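Engineer: Pasting final_4.txt here (compact mmCIF, C-alpha atoms):
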# COMPACT_ATOMS: atom_id res chain seq x y z
CA MET A 1 -40.96 27.35 18.64
CA PHE A 2 -42.64 30.72 18.93
CA ASN A 3 -44.96 31.77 16.16
CA HIS A 4 -46.79 35.06 15.71
CA SER A 5 -49.96 33.78 17.43
CA SER A 6 -48.13 32.63 20.56
CA LEU A 7 -46.14 35.87 20.68
CA LYS A 8 -49.33 37.93 20.27
CA PHE A 9 -50.86 36.01 23.19
CA ALA A 10 -47.72 36.61 25.25
CA LEU A 11 -47.79 40.30 24.39
CA THR A 12 -51.46 40.53 25.36
CA GLU A 13 -50.80 38.75 28.65
CA ASN A 14 -47.76 40.95 29.27
CA THR A 15 -49.81 44.09 28.67
CA ALA A 16 -52.50 42.94 31.09
CA ALA A 17 -49.83 41.97 33.62
CA GLY A 18 -48.25 45.39 33.72
CA GLY A 19 -46.76 46.21 30.33
CA LYS A 20 -48.38 49.65 30.53
CA GLU A 21 -46.60 50.67 33.71
CA THR A 22 -43.68 53.10 33.59
CA PRO A 23 -40.88 51.07 32.04
CA ASP A 24 -37.58 50.53 33.81
CA PRO A 25 -35.40 48.78 31.23
CA ASN A 26 -32.86 47.81 33.90
CA SER A 27 -35.44 46.01 36.04
CA VAL A 28 -35.37 42.24 35.67
CA THR A 29 -38.69 42.05 37.52
CA MET A 30 -40.46 44.08 34.84
CA PRO A 31 -42.86 41.79 32.90
CA ALA A 32 -41.51 42.91 29.50
CA ALA A 33 -37.93 42.13 30.47
CA LYS A 34 -38.97 38.70 31.76
CA LEU A 35 -40.87 37.98 28.56
CA LEU A 36 -37.96 39.02 26.35
CA LYS A 37 -35.48 37.03 28.44
CA HIS A 38 -37.68 33.95 28.02
CA ILE A 39 -38.09 34.53 24.28
CA TRP A 40 -34.36 35.00 23.70
CA LYS A 41 -33.60 31.87 25.75
CA GLU A 42 -35.97 29.88 23.53
CA VAL A 43 -34.62 31.45 20.33
CA SER A 44 -30.97 30.85 21.25
CA ALA A 45 -31.67 27.11 21.43
CA LEU A 46 -32.87 27.04 17.81
CA ASP A 47 -30.84 26.19 14.73
CA ASP A 48 -29.59 29.01 12.48
CA GLY A 49 -32.45 28.69 9.99
CA ALA A 50 -35.10 28.94 12.71
CA ILE A 51 -33.31 31.93 14.26
CA ALA A 52 -33.28 33.67 10.86
CA GLU A 53 -37.02 32.97 10.48
CA PHE A 54 -37.71 34.37 13.96
CA LEU A 55 -35.76 37.54 13.16
CA ARG A 56 -37.82 37.98 9.98
CA GLU A 57 -40.98 37.79 12.14
CA LEU A 58 -39.66 40.26 14.73
CA PRO A 59 -41.11 43.37 13.03
CA ARG A 60 -44.61 41.78 13.15
CA VAL A 61 -44.15 41.28 16.89
CA LEU A 62 -43.08 44.91 17.17
CA PHE A 63 -46.23 46.16 15.42
CA THR A 64 -48.46 43.86 17.46
CA ALA A 65 -46.96 45.30 20.65
CA ALA A 66 -47.52 48.84 19.33
CA GLU A 67 -51.14 48.09 18.46
CA LEU A 68 -51.78 46.57 21.90
CA GLY A 69 -50.10 49.45 23.73
CA ASN A 70 -47.34 47.39 25.31
CA SER A 71 -44.86 50.18 26.01
CA GLY A 72 -42.70 48.15 28.40
CA PHE A 73 -42.07 45.41 25.85
CA LEU A 74 -41.32 47.93 23.10
CA THR A 75 -38.96 49.91 25.32
CA GLU A 76 -36.97 46.78 26.05
CA LEU A 77 -37.03 45.55 22.45
CA ILE A 78 -35.87 48.92 21.10
CA ARG A 79 -33.11 49.00 23.71
CA LEU A 80 -31.90 45.61 22.46
CA HIS A 81 -32.37 46.41 18.74
CA PRO A 82 -32.20 50.20 18.12
CA VAL A 83 -32.88 49.88 14.37
CA LEU A 84 -36.34 48.35 14.86
CA PRO A 85 -38.17 51.72 15.03
CA LEU A 86 -37.09 52.33 11.42
CA LYS A 87 -39.14 49.35 10.22
CA VAL A 88 -42.52 49.89 8.57
CA ASN A 89 -45.49 47.54 8.28
CA ASP A 90 -47.37 46.59 5.12
CA ARG A 91 -49.24 49.93 5.30
CA LYS A 92 -45.86 51.76 5.40
CA GLN A 93 -46.43 52.85 9.01
CA SER A 94 -43.81 52.90 11.74
CA ILE A 95 -44.61 51.74 15.27
CA PHE A 96 -45.12 55.41 16.10
CA HIS A 97 -47.78 55.75 13.39
CA VAL A 98 -49.50 52.68 14.84
CA ALA A 99 -49.26 54.18 18.34
CA VAL A 100 -50.88 57.40 17.11
CA VAL A 101 -53.71 55.52 15.37
CA HIS A 102 -54.43 53.54 18.55
CA ARG A 103 -53.79 56.53 20.86
CA HIS A 104 -50.97 54.90 22.85
CA GLU A 105 -49.21 57.98 24.18
CA LYS A 106 -46.49 56.11 26.11
CA ILE A 107 -45.38 54.37 22.94
CA PHE A 108 -45.48 57.58 20.94
CA ARG A 109 -43.26 59.26 23.54
CA LEU A 110 -40.56 56.66 22.84
CA ILE A 111 -39.89 58.61 19.62
CA TYR A 112 -38.03 61.16 21.75
CA ASP A 113 -35.60 58.45 22.89
CA ILE A 114 -34.42 57.38 19.44
CA GLY A 115 -32.30 60.42 18.66
CA ALA A 116 -31.75 61.77 15.18
CA HIS A 117 -34.07 59.26 13.53
CA LYS A 118 -37.17 60.82 15.11
CA ASP A 119 -37.45 63.59 12.49
CA MET A 120 -37.08 61.09 9.66
CA ILE A 121 -39.72 58.76 11.16
CA ALA A 122 -42.07 61.68 11.86
CA ALA A 123 -41.94 62.54 8.14
CA TYR A 124 -42.84 58.99 7.02
CA LYS A 125 -46.04 58.85 4.99
CA ASP A 126 -48.14 55.71 4.93
CA GLU A 127 -49.73 54.06 1.90
CA ASN A 128 -52.52 56.67 1.97
CA ASP A 129 -50.00 59.53 2.09
CA ASN A 130 -50.80 60.25 5.77
CA ASN A 131 -48.12 61.34 8.19
CA MET A 132 -48.47 61.08 11.98
CA LEU A 133 -50.22 64.44 12.23
CA HIS A 134 -52.88 63.31 9.75
CA LEU A 135 -53.40 60.11 11.74
CA ALA A 136 -53.70 62.04 15.01
CA GLY A 137 -56.41 64.18 13.45
CA LYS A 138 -58.57 61.17 12.60
CA LEU A 139 -61.20 59.80 14.96
CA ALA A 140 -59.81 57.39 17.54
CA PRO A 141 -60.74 53.71 17.22
CA LEU A 142 -64.13 52.97 18.79
CA ILE A 143 -62.54 50.86 21.50
CA ARG A 144 -60.66 53.97 22.69
CA LEU A 145 -63.80 56.13 22.67
CA LYS A 146 -65.64 55.58 25.93
CA ILE A 147 -68.55 57.98 25.65
CA ASP A 148 -71.75 57.44 27.64
CA SER A 149 -72.84 61.04 28.29
CA GLY A 150 -72.45 64.60 27.06
CA ALA A 151 -69.88 65.39 29.76
CA GLU A 152 -67.82 62.36 28.77
CA ALA A 153 -68.06 63.39 25.12
CA ALA A 154 -66.72 66.85 25.97
CA LEU A 155 -63.86 65.31 27.97
CA GLN A 156 -63.09 62.88 25.15
CA MET A 157 -63.06 65.75 22.64
CA ARG A 158 -60.65 67.67 24.87
CA GLN A 159 -58.37 64.62 25.14
CA GLU A 160 -58.45 64.15 21.37
CA LEU A 161 -57.57 67.81 20.85
CA LEU A 162 -54.63 67.52 23.26
CA TRP A 163 -53.50 64.36 21.49
CA PHE A 164 -53.61 66.17 18.14
CA LYS A 165 -51.50 69.03 19.53
What does the file become when written as structure tokens?

Structural biologist:
Amino acid sequence: MFNHSSLKFALTENTAAGGKETPDPNSVTMPAAKLLKHIWKEVSALDDGAIAEFLRELPRVLFTAAELGNSGFLTELIRLHPVLPLKVNDRKQSIFHVAVVHRHEKIFRLIYDIGAHKDMIAAYKDENDNNMLHLAGKLAPLIRLKIDSGAEAALQMRQELLWFK
């Protein structure tokens, strides 16, 4: 049975194996599609109670993928379950809020593929009353800031400004 820890490991491995490449949801060779196919095969063999438990955990998997920057996995998951982008985490943030916080542009761009819900999700405010624009204006996580010199700092500032826009 999959639990959140094993799925987080799989998501991390999938990201390292190519989850950040341009997604092609129709490609069965894409790592995200392979991972989802394997997960659904395992889940379909479970009893109804275990399947219900897995589906309750699915939003956590979604937010883990958003935090890790696994755009391929999220693209495939959203294609299979279009209502998932409407879910919020315990901080009342959508996957797009999480993508903005962690500066995962490919995931944020998925908002344009979800149709009419994008305006509603863009207006979501988290537990601190921040919308996506507020989150974009905050300093990126330290892991995303790779500054060793003044020139790199200027480039990073430019990238942050473009991200905010």

Engineer: Using only C-alpha atoms, which of the listed residues (A:Ala136, A:Val61, A:Pro85, A:Ser94) sits closest to Gly115 of chain A?

Structural biologist: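 Selected residue with least distance to Gly115 of chain A: A:Pro85.
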
Engineer: Residues around (-37.7, 42.5, 21.7), cut-off 12 Å, counting all atoms listed in the file - what are they as a ChimeraX atom specification?

Structural biologist: /A:7,11,25,32-40,43,54-55,57-66,70-85

Engineer: Padding of 4 Å on every side, edges along x, y and z, all listed atoms of segment 90-97 of chain A included: what centre and edge lengths in Å, to one decimal, does that box have, as AutoDock Vina command-line options?

Structural biologist:
--center_x -46.5 --center_y 51.2 --center_z 10.6 --size_x 13.4 --size_y 17.2 --size_z 19.0

Engineer: Would you mind listing what lies within 8 Å of His97 of chain A as a VMD selection string, with all atoms listed in the file counted and same-chain residues fewer than 2 positions away left out?

Structural biologist: chain A and resid 93 to 95 99 to 101 131 to 132 135
